[in-house]
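*Asks:* Pasting model-v7.cif here (mmCIF, C-alpha atoms):
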```cif
data_model
loop_
_atom_site.group_PDB
_atom_site.id
_atom_site.type_symbol
_atom_site.label_atom_id
_atom_site.label_comp_id
_atom_site.auth_asym_id
_atom_site.auth_seq_id
_atom_site.Cartn_x
_atom_site.Cartn_y
_atom_site.Cartn_z
ATOM 1 C CA MET S 1304 -8.767 -1.101 24.348
ATOM 2 C CA PHE S 1305 -9.524 1.820 22.048
ATOM 3 C CA LEU S 1306 -10.731 1.528 18.484
ATOM 4 C CA LEU S 1307 -9.013 4.120 16.322
ATOM 5 C CA GLN S 1308 -11.460 5.785 13.965
ATOM 6 C CA GLY S 1309 -11.045 8.600 11.519
ATOM 7 C CA ALA S 1310 -8.289 9.484 9.102
ATOM 8 C CA GLN S 1311 -6.411 11.737 11.523
ATOM 9 C CA MET S 1312 -6.023 9.122 14.268
ATOM 10 C CA LEU S 1313 -5.019 6.397 11.827
ATOM 11 C CA GLN S 1314 -2.457 8.646 10.146
ATOM 12 C CA MET S 1315 -1.015 9.487 13.555
ATOM 13 C CA LEU S 1316 -0.741 5.762 14.257
ATOM 14 C CA GLU S 1317 1.040 5.132 10.949
ATOM 15 C CA ASN S 1318 3.495 7.967 11.639
ATOM 16 C CA SER S 1319 4.210 6.650 15.123
ATOM 17 C CA LEU S 1320 4.737 3.071 13.901
ATOM 18 C CA ARG S 1321 7.140 4.351 11.276
ATOM 19 C CA LYS S 1322 9.428 5.563 14.072
ATOM 20 C CA SER S 1323 9.616 1.973 15.401
ATOM 21 C CA LEU S 1324 10.596 0.295 12.131
ATOM 22 C CA PRO S 1325 11.620 -2.404 11.397
ATOM 23 C CA GLU S 1326 10.167 -4.009 14.561
ATOM 24 C CA SER S 1327 6.735 -2.582 13.777
ATOM 25 C CA LEU S 1328 6.869 -3.551 10.098
ATOM 26 C CA LYS S 1329 3.969 -6.019 9.909
ATOM 27 C CA VAL S 1330 1.625 -3.631 11.716
ATOM 28 C CA PHE S 1331 2.976 -0.552 9.934
ATOM 29 C CA GLY S 1332 2.336 -2.182 6.547
ATOM 30 C CA THR S 1333 -1.185 -3.157 7.547
ATOM 31 C CA VAL S 1334 -2.059 0.299 8.875
ATOM 32 C CA PHE S 1335 -0.596 1.820 5.713
ATOM 33 C CA HIS S 1336 -3.145 -0.125 3.667
ATOM 34 C CA ILE S 1337 -5.960 0.775 6.061
ATOM 35 C CA ASN S 1338 -5.066 4.393 5.317
ATOM 36 C CA HIS S 1339 -5.141 3.692 1.574
ATOM 37 C CA GLY S 1340 -8.685 2.431 1.206
ATOM 38 C CA ASN S 1341 -8.744 -0.381 3.785
ATOM 39 C CA PRO S 1342 -9.471 -3.040 1.124
ATOM 40 C CA PHE S 1343 -9.550 -5.910 3.662
ATOM 41 C CA ASN S 1344 -11.943 -4.059 6.018
ATOM 42 C CA LEU S 1345 -9.584 -4.144 9.019
ATOM 43 C CA LYS S 1346 -9.600 -2.179 12.256
ATOM 44 C CA ALA S 1347 -6.843 -0.963 14.577
ATOM 45 C CA LEU S 1348 -7.025 -1.248 18.364
ATOM 46 C CA VAL S 1349 -4.638 0.311 20.885
ATOM 47 C CA ASP S 1350 -4.356 -0.037 24.645
ATOM 48 C CA LYS S 1351 -4.405 3.746 25.125
ATOM 49 C CA TRP S 1352 -4.185 6.878 23.035
ATOM 50 C CA PRO S 1353 -2.165 8.689 21.933
ATOM 51 C CA ASP S 1354 0.730 7.229 23.981
ATOM 52 C CA PHE S 1355 -0.010 3.593 23.161
ATOM 53 C CA ASN S 1356 2.087 0.579 24.094
ATOM 54 C CA THR S 1357 0.336 -2.106 22.055
ATOM 55 C CA VAL S 1358 -1.439 -2.140 18.675
ATOM 56 C CA VAL S 1359 -3.580 -4.980 17.373
ATOM 57 C CA VAL S 1360 -4.882 -4.870 13.801
ATOM 58 C CA ARG S 1361 -7.625 -7.359 13.042
ATOM 59 C CA PRO S 1362 -10.642 -7.917 10.764
ATOM 60 C CA GLN S 1363 -14.074 -6.607 11.615
ATOM 61 C CA GLU S 1364 -16.129 -9.201 13.504
ATOM 62 C CA GLU S 1365 -18.600 -9.670 10.643
ATOM 63 C CA ASN S 1366 -15.751 -10.920 8.450
ATOM 64 C CA MET S 1367 -14.696 -13.613 10.952
ATOM 65 C CA ARG S 1368 -17.707 -15.943 10.765
ATOM 66 C CA ASP S 1369 -15.759 -19.102 9.950
ATOM 67 C CA ASP S 1370 -14.215 -20.326 13.203
ATOM 68 C CA LEU S 1371 -11.788 -22.580 11.315
ATOM 69 C CA ASP S 1372 -10.476 -19.968 8.862
ATOM 70 C CA HIS S 1373 -7.171 -18.764 10.302
ATOM 71 C CA TYR S 1374 -6.322 -17.081 6.988
ATOM 72 C CA THR S 1375 -9.117 -14.579 7.577
ATOM 73 C CA ASN S 1376 -8.900 -14.666 11.379
ATOM 74 C CA THR S 1377 -5.477 -12.999 11.385
ATOM 75 C CA TYR S 1378 -4.161 -10.537 13.973
ATOM 76 C CA HIS S 1379 -1.113 -8.321 13.505
ATOM 77 C CA ILE S 1380 0.513 -7.149 16.712
ATOM 78 C CA TYR S 1381 3.165 -4.641 17.700
ATOM 79 C CA THR S 1382 3.988 -3.817 21.310
ATOM 80 C CA ARG S 1383 6.479 -1.582 23.042
ATOM 81 C CA ASP S 1384 5.962 -3.562 26.238
ATOM 82 C CA PRO S 1385 6.069 -7.327 25.532
ATOM 83 C CA LYS S 1386 6.286 -8.225 29.218
ATOM 84 C CA ASN S 1387 3.024 -6.500 30.080
ATOM 85 C CA CYS S 1388 0.773 -6.977 27.056
ATOM 86 C CA GLN S 1389 -0.558 -10.407 28.024
ATOM 87 C CA GLU S 1390 -3.570 -9.087 29.942
ATOM 88 C CA LEU S 1391 -4.581 -6.988 26.973
ATOM 89 C CA LEU S 1392 -4.298 -9.886 24.496
ATOM 90 C CA ASP S 1393 -6.274 -12.094 26.879
ATOM 91 C CA SER S 1394 -9.340 -9.873 26.424
ATOM 92 C CA PRO S 1395 -12.114 -11.400 24.262
ATOM 93 C CA ASP S 1396 -12.751 -7.909 22.861
ATOM 94 C CA VAL S 1397 -9.269 -7.990 21.353
ATOM 95 C CA ILE S 1398 -8.694 -11.605 20.228
ATOM 96 C CA ASN S 1399 -11.303 -14.328 19.842
ATOM 97 C CA TRP S 1400 -9.327 -17.257 21.249
ATOM 98 C CA LYS S 1401 -12.243 -19.636 20.595
ATOM 99 C CA GLN S 1402 -11.474 -19.554 16.872
ATOM 100 C CA HIS S 1403 -8.661 -20.993 14.804
ATOM 101 C CA LEU S 1404 -6.545 -17.917 14.195
ATOM 102 C CA GLN S 1405 -3.090 -16.708 13.388
ATOM 103 C CA ILE S 1406 -0.942 -13.937 14.777
ATOM 104 C CA GLN S 1407 1.776 -12.244 12.772
ATOM 105 C CA SER S 1408 4.428 -9.908 14.114
ATOM 106 C CA SER S 1409 7.969 -8.717 13.496
ATOM 107 C CA GLN S 1410 8.663 -9.320 17.204
ATOM 108 C CA ALA S 1411 9.882 -12.717 18.367
ATOM 109 C CA SER S 1412 9.471 -11.443 21.944
ATOM 110 C CA LEU S 1413 5.735 -12.087 21.647
ATOM 111 C CA ASN S 1414 6.367 -15.829 21.670
ATOM 112 C CA GLU S 1415 6.526 -16.051 25.454
ATOM 113 C CA VAL S 1416 3.220 -14.185 25.794
ATOM 114 C CA ILE S 1417 1.480 -16.401 23.238
ATOM 115 C CA GLN S 1418 2.864 -19.555 24.869
ATOM 116 C CA ASN S 1419 1.562 -18.354 28.246
ATOM 117 C CA LEU S 1420 -1.862 -17.689 26.759
ATOM 118 C CA SER S 1421 -1.912 -21.146 25.164
ATOM 119 C CA SER S 1422 -1.609 -22.703 28.625
ATOM 120 C CA ILE S 1423 -4.417 -20.526 29.970
ATOM 121 C CA LYS S 1424 -6.738 -20.831 26.979
ATOM 122 C CA SER S 1425 -5.862 -24.426 25.962
ATOM 123 C CA PHE S 1426 -4.870 -24.077 22.342
ATOM 124 C CA LYS S 1427 -2.130 -25.619 20.227
ATOM 125 C CA ILE S 1428 0.441 -23.457 18.461
ATOM 126 C CA LYS S 1429 2.264 -23.920 15.198
ATOM 127 C CA ARG S 1430 5.007 -21.326 15.031
ATOM 128 C CA SER S 1431 6.966 -20.199 11.964
ATOM 129 C CA GLU S 1432 9.992 -17.924 12.092
ATOM 130 C CA SER S 1433 11.601 -16.659 8.894
ATOM 131 C CA PHE S 1434 14.051 -14.037 7.703
ATOM 132 C CA LEU S 1435 12.432 -10.656 7.074
ATOM 133 C CA TYR S 1436 13.558 -8.635 4.050
ATOM 134 C CA MET S 1437 12.880 -5.101 2.859
ATOM 135 C CA THR S 1438 13.746 -3.638 -0.528
ATOM 136 C CA SER S 1439 16.513 -1.055 -0.626
ATOM 137 C CA GLY S 1440 14.067 1.453 -2.158
ATOM 138 C CA THR S 1441 11.671 1.084 0.777
ATOM 139 C CA ILE S 1442 14.540 1.251 3.281
ATOM 140 C CA LYS S 1443 15.818 4.443 1.672
ATOM 141 C CA LYS S 1444 12.360 5.965 2.058
ATOM 142 C CA LEU S 1445 11.475 4.739 5.549
ATOM 143 C CA ILE S 1446 14.650 3.894 7.508
ATOM 144 C CA PRO S 1447 17.701 5.138 5.558
ATOM 145 C CA SER S 1448 20.000 4.525 8.526
ATOM 146 C CA LEU S 1449 19.864 0.789 7.701
ATOM 147 C CA LEU S 1450 21.673 1.486 4.435
ATOM 148 C CA GLU S 1451 24.696 2.984 6.163
ATOM 149 C CA GLY S 1452 27.802 0.936 5.396
ATOM 150 C CA LYS S 1453 26.038 -1.098 2.701
ATOM 151 C CA ASN S 1454 27.947 -1.189 -0.579
ATOM 152 C CA LEU S 1455 25.076 -1.627 -3.005
ATOM 153 C CA SER S 1456 25.997 -1.277 -6.654
ATOM 154 C CA PRO S 1457 23.960 1.493 -8.346
ATOM 155 C CA SER S 1458 23.652 -0.730 -11.411
ATOM 156 C CA GLY S 1459 22.564 -3.780 -9.410
ATOM 157 C CA GLY S 1460 19.300 -4.782 -7.807
ATOM 158 C CA LYS S 1461 17.803 -6.205 -10.985
ATOM 159 C CA PRO S 1462 17.076 -9.765 -12.136
ATOM 160 C CA LYS S 1463 18.863 -11.363 -15.030
ATOM 161 C CA ALA S 1464 17.172 -11.054 -18.402
ATOM 162 C CA ILE S 1465 14.625 -13.658 -19.452
ATOM 163 C CA ASN S 1466 13.549 -14.755 -22.915
ATOM 164 C CA GLN S 1467 10.677 -12.323 -23.474
ATOM 165 C CA GLU S 1468 9.561 -14.112 -26.621
ATOM 166 C CA LYS S 1469 9.099 -17.284 -24.606
ATOM 167 C CA PHE S 1470 7.715 -15.759 -21.389
ATOM 168 C CA LYS S 1471 5.033 -13.059 -21.287
ATOM 169 C CA PRO S 1472 4.299 -10.897 -18.209
ATOM 170 C CA LEU S 1473 0.745 -10.572 -16.926
ATOM 171 C CA SER S 1474 -1.347 -9.749 -13.871
ATOM 172 C CA LEU S 1475 -3.033 -12.718 -12.240
ATOM 173 C CA ASP S 1476 -6.774 -13.321 -12.151
ATOM 174 C CA VAL S 1477 -8.755 -15.530 -9.786
ATOM 175 C CA ALA S 1478 -8.541 -18.447 -12.226
ATOM 176 C CA HIS S 1479 -4.853 -18.706 -11.265
ATOM 177 C CA ALA S 1480 -5.600 -19.054 -7.543
ATOM 178 C CA SER S 1481 -5.746 -22.856 -7.543
ATOM 179 C CA LEU S 1482 -2.228 -23.111 -8.986
ATOM 180 C CA VAL S 1483 -0.829 -20.608 -6.482
ATOM 181 C CA ASN S 1484 -2.610 -22.479 -3.695
ATOM 182 C CA LYS S 1485 -1.145 -25.805 -4.792
ATOM 183 C CA PHE S 1486 2.435 -24.560 -4.374
ATOM 184 C CA TRP S 1487 2.010 -22.189 -1.397
ATOM 185 C CA TYR S 1488 3.744 -23.644 1.658
ATOM 186 C CA TYR S 1489 0.981 -22.358 3.968
ATOM 187 C CA GLY S 1490 -1.853 -23.254 1.577
ATOM 188 C CA GLY S 1491 -3.221 -26.296 -0.182
ATOM 189 C CA ASN S 1492 -6.770 -26.183 1.128
ATOM 190 C CA GLU S 1493 -10.127 -24.585 0.370
ATOM 191 C CA ARG S 1494 -9.792 -21.750 2.872
ATOM 192 C CA SER S 1495 -6.312 -20.794 1.699
ATOM 193 C CA GLN S 1496 -7.594 -20.706 -1.882
ATOM 194 C CA ARG S 1497 -10.353 -18.282 -0.890
ATOM 195 C CA PHE S 1498 -7.724 -16.094 0.774
ATOM 196 C CA ILE S 1499 -5.528 -16.176 -2.341
ATOM 197 C CA GLU S 1500 -8.508 -15.296 -4.535
ATOM 198 C CA ARG S 1501 -9.234 -12.302 -2.324
ATOM 199 C CA CYS S 1502 -5.610 -11.141 -2.522
ATOM 200 C CA ILE S 1503 -5.635 -11.462 -6.328
ATOM 201 C CA ARG S 1504 -8.871 -9.479 -6.626
ATOM 202 C CA THR S 1505 -7.672 -6.774 -4.254
ATOM 203 C CA PHE S 1506 -3.968 -6.094 -4.800
ATOM 204 C CA PRO S 1507 -1.393 -5.826 -7.607
ATOM 205 C CA THR S 1508 0.107 -9.119 -8.783
ATOM 206 C CA SER S 1509 2.785 -10.180 -11.235
ATOM 207 C CA GLY S 1510 3.212 -13.351 -13.246
ATOM 208 C CA LEU S 1511 4.665 -14.921 -16.356
ATOM 209 C CA LEU S 1512 2.972 -17.038 -18.988
ATOM 210 C CA GLY S 1513 5.051 -19.852 -20.462
ATOM 211 C CA PRO S 1514 5.370 -20.876 -24.112
ATOM 212 C CA GLU S 1515 2.153 -22.916 -23.878
ATOM 213 C CA GLY S 1516 0.187 -19.956 -22.540
ATOM 214 C CA ASN S 1517 -0.095 -21.213 -18.960
ATOM 215 C CA LEU S 1518 1.031 -19.484 -15.764
ATOM 216 C CA VAL S 1519 4.564 -20.608 -14.881
ATOM 217 C CA SER S 1520 5.730 -18.051 -12.281
ATOM 218 C CA TRP S 1521 3.885 -15.663 -9.965
ATOM 219 C CA ASN S 1522 4.039 -13.271 -7.024
ATOM 220 C CA LEU S 1523 1.307 -11.487 -5.048
ATOM 221 C CA MET S 1524 0.805 -9.518 -1.841
ATOM 222 C CA ASP S 1525 -1.384 -9.778 1.250
ATOM 223 C CA GLN S 1526 -3.326 -7.330 3.415
ATOM 224 C CA THR S 1527 -0.173 -6.206 5.241
ATOM 225 C CA GLY S 1528 1.509 -5.129 2.011
ATOM 226 C CA GLU S 1529 3.945 -8.019 2.209
ATOM 227 C CA THR S 1530 4.856 -9.707 -1.079
ATOM 228 C CA ARG S 1531 4.092 -13.379 -0.588
ATOM 229 C CA MET S 1532 3.295 -16.673 -2.284
ATOM 230 C CA ALA S 1533 5.971 -16.345 -4.967
ATOM 231 C CA GLY S 1534 6.566 -19.520 -6.933
ATOM 232 C CA THR S 1535 7.532 -21.168 -10.209
ATOM 233 C CA LEU S 1536 6.433 -24.470 -11.700
ATOM 234 C CA PRO S 1537 9.154 -27.085 -11.050
ATOM 235 C CA GLU S 1538 9.898 -27.625 -14.727
ATOM 236 C CA TYR S 1539 10.641 -23.897 -15.221
ATOM 237 C CA ARG S 1540 12.875 -23.315 -12.200
ATOM 238 C CA CYS S 1541 16.528 -22.189 -12.334
ATOM 239 C CA GLN S 1542 15.782 -19.765 -15.182
ATOM 240 C CA GLY S 1543 15.473 -16.591 -13.083
ATOM 241 C CA LEU S 1544 11.695 -16.390 -13.536
ATOM 242 C CA VAL S 1545 10.781 -15.876 -9.894
ATOM 243 C CA SER S 1546 13.312 -13.056 -9.539
ATOM 244 C CA TYR S 1547 11.723 -11.436 -12.597
ATOM 245 C CA VAL S 1548 8.178 -11.514 -11.151
ATOM 246 C CA VAL S 1549 9.367 -10.454 -7.683
ATOM 247 C CA HIS S 1550 11.193 -7.478 -9.188
ATOM 248 C CA ALA S 1551 8.188 -6.609 -11.387
ATOM 249 C CA GLN S 1552 5.972 -6.638 -8.285
ATOM 250 C CA GLU S 1553 8.484 -4.463 -6.448
ATOM 251 C CA VAL S 1554 8.523 -1.868 -9.236
ATOM 252 C CA THR S 1555 4.710 -1.752 -9.358
ATOM 253 C CA MET S 1556 4.342 -1.379 -5.602
ATOM 254 C CA GLU S 1557 7.012 1.293 -5.267
ATOM 255 C CA LYS S 1558 5.352 3.325 -8.035
ATOM 256 C CA LEU S 1559 2.177 3.196 -5.937
ATOM 257 C CA GLY S 1560 4.132 4.330 -2.872
ATOM 258 C CA PHE S 1561 3.637 1.025 -1.029
ATOM 259 C CA PRO S 1562 6.278 -0.295 1.392
ATOM 260 C CA VAL S 1563 7.797 -3.444 -0.109
ATOM 261 C CA TYR S 1564 8.962 -6.321 2.068
ATOM 262 C CA SER S 1565 8.838 -10.107 2.249
ATOM 263 C CA HIS S 1566 9.929 -13.127 4.258
ATOM 264 C CA THR S 1567 12.013 -16.148 3.339
ATOM 265 C CA ASP S 1568 12.343 -19.463 5.127
ATOM 266 C CA LYS S 1569 15.658 -19.776 6.943
ATOM 267 C CA THR S 1570 16.454 -22.949 5.007
ATOM 268 C CA ASN S 1571 15.630 -21.514 1.575
ATOM 269 C CA ILE S 1572 19.108 -20.545 0.403
ATOM 270 C CA ALA S 1573 18.025 -19.976 -3.215
ATOM 271 C CA MET S 1574 15.478 -17.306 -2.264
ATOM 272 C CA GLN S 1575 17.957 -15.704 0.112
ATOM 273 C CA ARG S 1576 20.448 -15.406 -2.746
ATOM 274 C CA MET S 1577 17.734 -13.945 -4.946
ATOM 275 C CA SER S 1578 16.977 -11.347 -2.270
ATOM 276 C CA ASP S 1579 20.655 -10.381 -2.164
ATOM 277 C CA THR S 1580 20.721 -10.038 -5.959
ATOM 278 C CA LEU S 1581 17.660 -7.759 -5.930
ATOM 279 C CA HIS S 1582 19.129 -5.630 -3.086
ATOM 280 C CA HIS S 1583 16.530 -6.779 -0.587
ATOM 281 C CA LEU S 1584 18.197 -6.421 2.800
ATOM 282 C CA GLN S 1585 17.659 -8.748 5.734
ATOM 283 C CA MET S 1586 16.185 -6.975 8.732
ATOM 284 C CA PRO S 1587 17.595 -7.265 12.276
ATOM 285 C CA CYS S 1588 14.225 -8.711 13.373
ATOM 286 C CA ASP S 1589 12.426 -11.783 12.037
ATOM 287 C CA TRP S 1590 9.045 -12.570 10.473
ATOM 288 C CA ASN S 1591 6.923 -14.487 12.968
ATOM 289 C CA GLN S 1592 3.652 -16.359 12.629
ATOM 290 C CA TRP S 1593 1.729 -18.305 15.248
ATOM 291 C CA ILE S 1594 -1.211 -20.449 14.097
ATOM 292 C CA CYS S 1595 -3.380 -21.037 17.162
ATOM 293 C CA MET S 1596 -5.904 -23.905 17.293
ATOM 294 C CA PRO S 1597 -8.303 -24.498 20.219
ATOM 295 C CA VAL S 1598 -8.247 -27.986 21.724
#
```
What would you get if you wrote out this structure as structure tokens?
*Replies:*
Amino acid sequence: MFLLQGAQMLQMLENSLRKSLPESLKVFGTVFHINHGNPFNLKALVDKWPDFNTVVVRPQEENMRDDLDHYTNTYHIYTRDPKNCQELLDSPDVINWKQHLQIQSSQASLNEVIQNLSSIKSFKIKRSESFLYMTSGTIKKLIPSLLEGKNLSPSGGKPKAINQEKFKPLSLDVAHASLVNKFWYYGGNERSQRFIERCIRTFPTSGLLGPEGNLVSWNLMDQTGETRMAGTLPEYRCQGLVSYVVHAQEVTMEKLGFPVYSHTDKTNIAMQRMSDTLHHLQMPCDWNQWICMPV
């Protein structure tokens, strides 16, 4: 496995991953942010260079001291050869299988490899598979061929208006992390709150204050550039607030030149409809996450 170092190598990797979109999306987004300051202190490994088959992006070892923290111990993987990447992923220099960890990828084909490794390494797996969406602006920039045949209204792609006297936009601060953590499907614990706090400190966020001055709707992004953890307090739902903060986040990120994408649970019809309204298009591949726990 080769550690890619230096701006030239990492830019070459980003350019190569771009040619494999949308299948490479999770890794492409992560490498993009490595090339724009590397705020999460990640590193990129490849099986060979420059004609690589597999890329693994992971934290530096010194940031993975908590063996139970799968939010930090996260690996993003893209491979051109799913049938033959198992030996590489089995290497302790690539993935520390003794820790609680998670793997994210836009490739469902990795599931067989991870299941095989679970039998060898004796760990349990909790798998999540969701719809993967990308904004039409990002698609137009990165993979315009996906827009062919799509009849998107030039005047569409925006949320319905909200009462701006009642709801005030803001950027989140770490004091809001506990509320986000409470409603995040993958959160609700101390480690997830630390992860959310780090995301809030590091990346752009969007939110709305309600009439009582408290946070009522929010959206933020993670180290891969994916917009995640969107939510609204139950008593303020069905007013279009989450679509407002998601769109506000999208506008901010696109102004910065960031790729904008997200995932939505396959049972969450309301968020799927919101994505359609905002001209977020479903990708031909899915969002995949495997939480791996040693036994």
*Asks:* Decode the PyMOL selection byres ((chain S and resi 1358) around 12) for the given file into explicit residues and return them as a PyMOL selection string.
*Replies:* chain S and resi 1304-1307+1313+1316-1317+1319-1320+1327+1329-1331+1333-1334+1346-1357+1359-1361+1378-1385+1388+1391-1392+1397+1408
*Asks:* What's around S:Val1563 at 9 Å? Count all atoms listed in the file, leave out sequence neighbours fewer than 4 positions away in its own chain, and write the answer as a list in words.
*Replies:*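 Counting all atoms listed in the file, the residues come to Gly1332, Tyr1436, Met1437, Thr1438, Gly1440, Thr1441, Ile1442, Gly1528, Glu1529, Thr1530, Gln1552, Glu1553, Met1556 and Glu1557 of chain S.
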*Asks:* Go ahead and save the residues from that selection, with C-alpha atoms, as a PDB file, keeping the file's coordinate frame.
*Replies:*
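selection_1.pdb was written with the following content:
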```pdb
ATOM      1  CA  GLY S1332       2.336  -2.182   6.547  1.00  0.00           C
ATOM      2  CA  TYR S1436      13.558  -8.635   4.050  1.00  0.00           C
ATOM      3  CA  MET S1437      12.880  -5.101   2.859  1.00  0.00           C
ATOM      4  CA  THR S1438      13.746  -3.638  -0.528  1.00  0.00           C
ATOM      5  CA  GLY S1440      14.067   1.453  -2.158  1.00  0.00           C
ATOM      6  CA  THR S1441      11.671   1.084   0.777  1.00  0.00           C
ATOM      7  CA  ILE S1442      14.540   1.251   3.281  1.00  0.00           C
ATOM      8  CA  GLY S1528       1.509  -5.129   2.011  1.00  0.00           C
ATOM      9  CA  GLU S1529       3.945  -8.019   2.209  1.00  0.00           C
ATOM     10  CA  THR S1530       4.856  -9.707  -1.079  1.00  0.00           C
ATOM     11  CA  GLN S1552       5.972  -6.638  -8.285  1.00  0.00           C
ATOM     12  CA  GLU S1553       8.484  -4.463  -6.448  1.00  0.00           C
ATOM     13  CA  MET S1556       4.342  -1.379  -5.602  1.00  0.00           C
ATOM     14  CA  GLU S1557       7.012   1.293  -5.267  1.00  0.00           C
TER      15      GLU S1557
END
```
*Asks:* Give me, as a count of residues only, all polymer residues having an atom no more than 12 Å from S:Asn1484, counting all atoms listed in the file and skipping those fewer than 4 positions away in the same chain.
*Replies:* 26
*Asks:* Expand the PyMOL selection byres ((chain S and resi 1420-1432) around 12) into the explicit residue set it covers here, and present it as a count of residues only.
*Replies:* 52
*Asks:* Counting only C-alpha atoms, which of S:Trp1487, S:Lys1453, S:Ser1439, S:Leu1544 gets nearest to S:Phe1470?
*Replies:*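 Using only C-alpha atoms, the shortest distance to S:Phe1470 belongs to S:Leu1544.
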*Asks:* Just give me the gap between atom CA of S:Gly1543 and atom CA of S:Ala1464 in Å, one decimal is fine.
*Replies:*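 If I compute the distance from atom CA of S:Gly1543 to atom CA of S:Ala1464, I get 7.9 Å.
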*Asks:* Give the answer as one residue: which of S:Ser1474, S:Ser1509, S:Thr1527, S:Gln1467 has the shortest atom-to-atom distance to S:Val1545, using all atoms listed in the file?
*Replies:*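 Among the listed residues, the smallest separation from S:Val1545 belongs to S:Ser1509.
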*Asks:* Please report the interatomic distance between atom CA of S:Gly1510 and atom CA of S:Leu1559 in Å with one decimal.
*Replies:*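 Separating atom CA of S:Gly1510 from atom CA of S:Leu1559 is a distance of 18.1 Å.
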*Asks:* Atom CA of S:Lys1485 and atom CA of S:Gly1460 are how many Å apart?
*Replies:* 29.5 Å
*Asks:* Specify as a list in words each residue included when the PyMOL selection byres ((chain S and resi 1466) around 12) is applied to this file.
*Replies:*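 Applying the expression gives Lys1463, Ala1464, Ile1465, Gln1467, Glu1468, Lys1469, Phe1470, Lys1471, Pro1472, Leu1511, Leu1512, Gly1513, Pro1514, Gln1542, Gly1543, Leu1544 and Tyr1547 of chain S.
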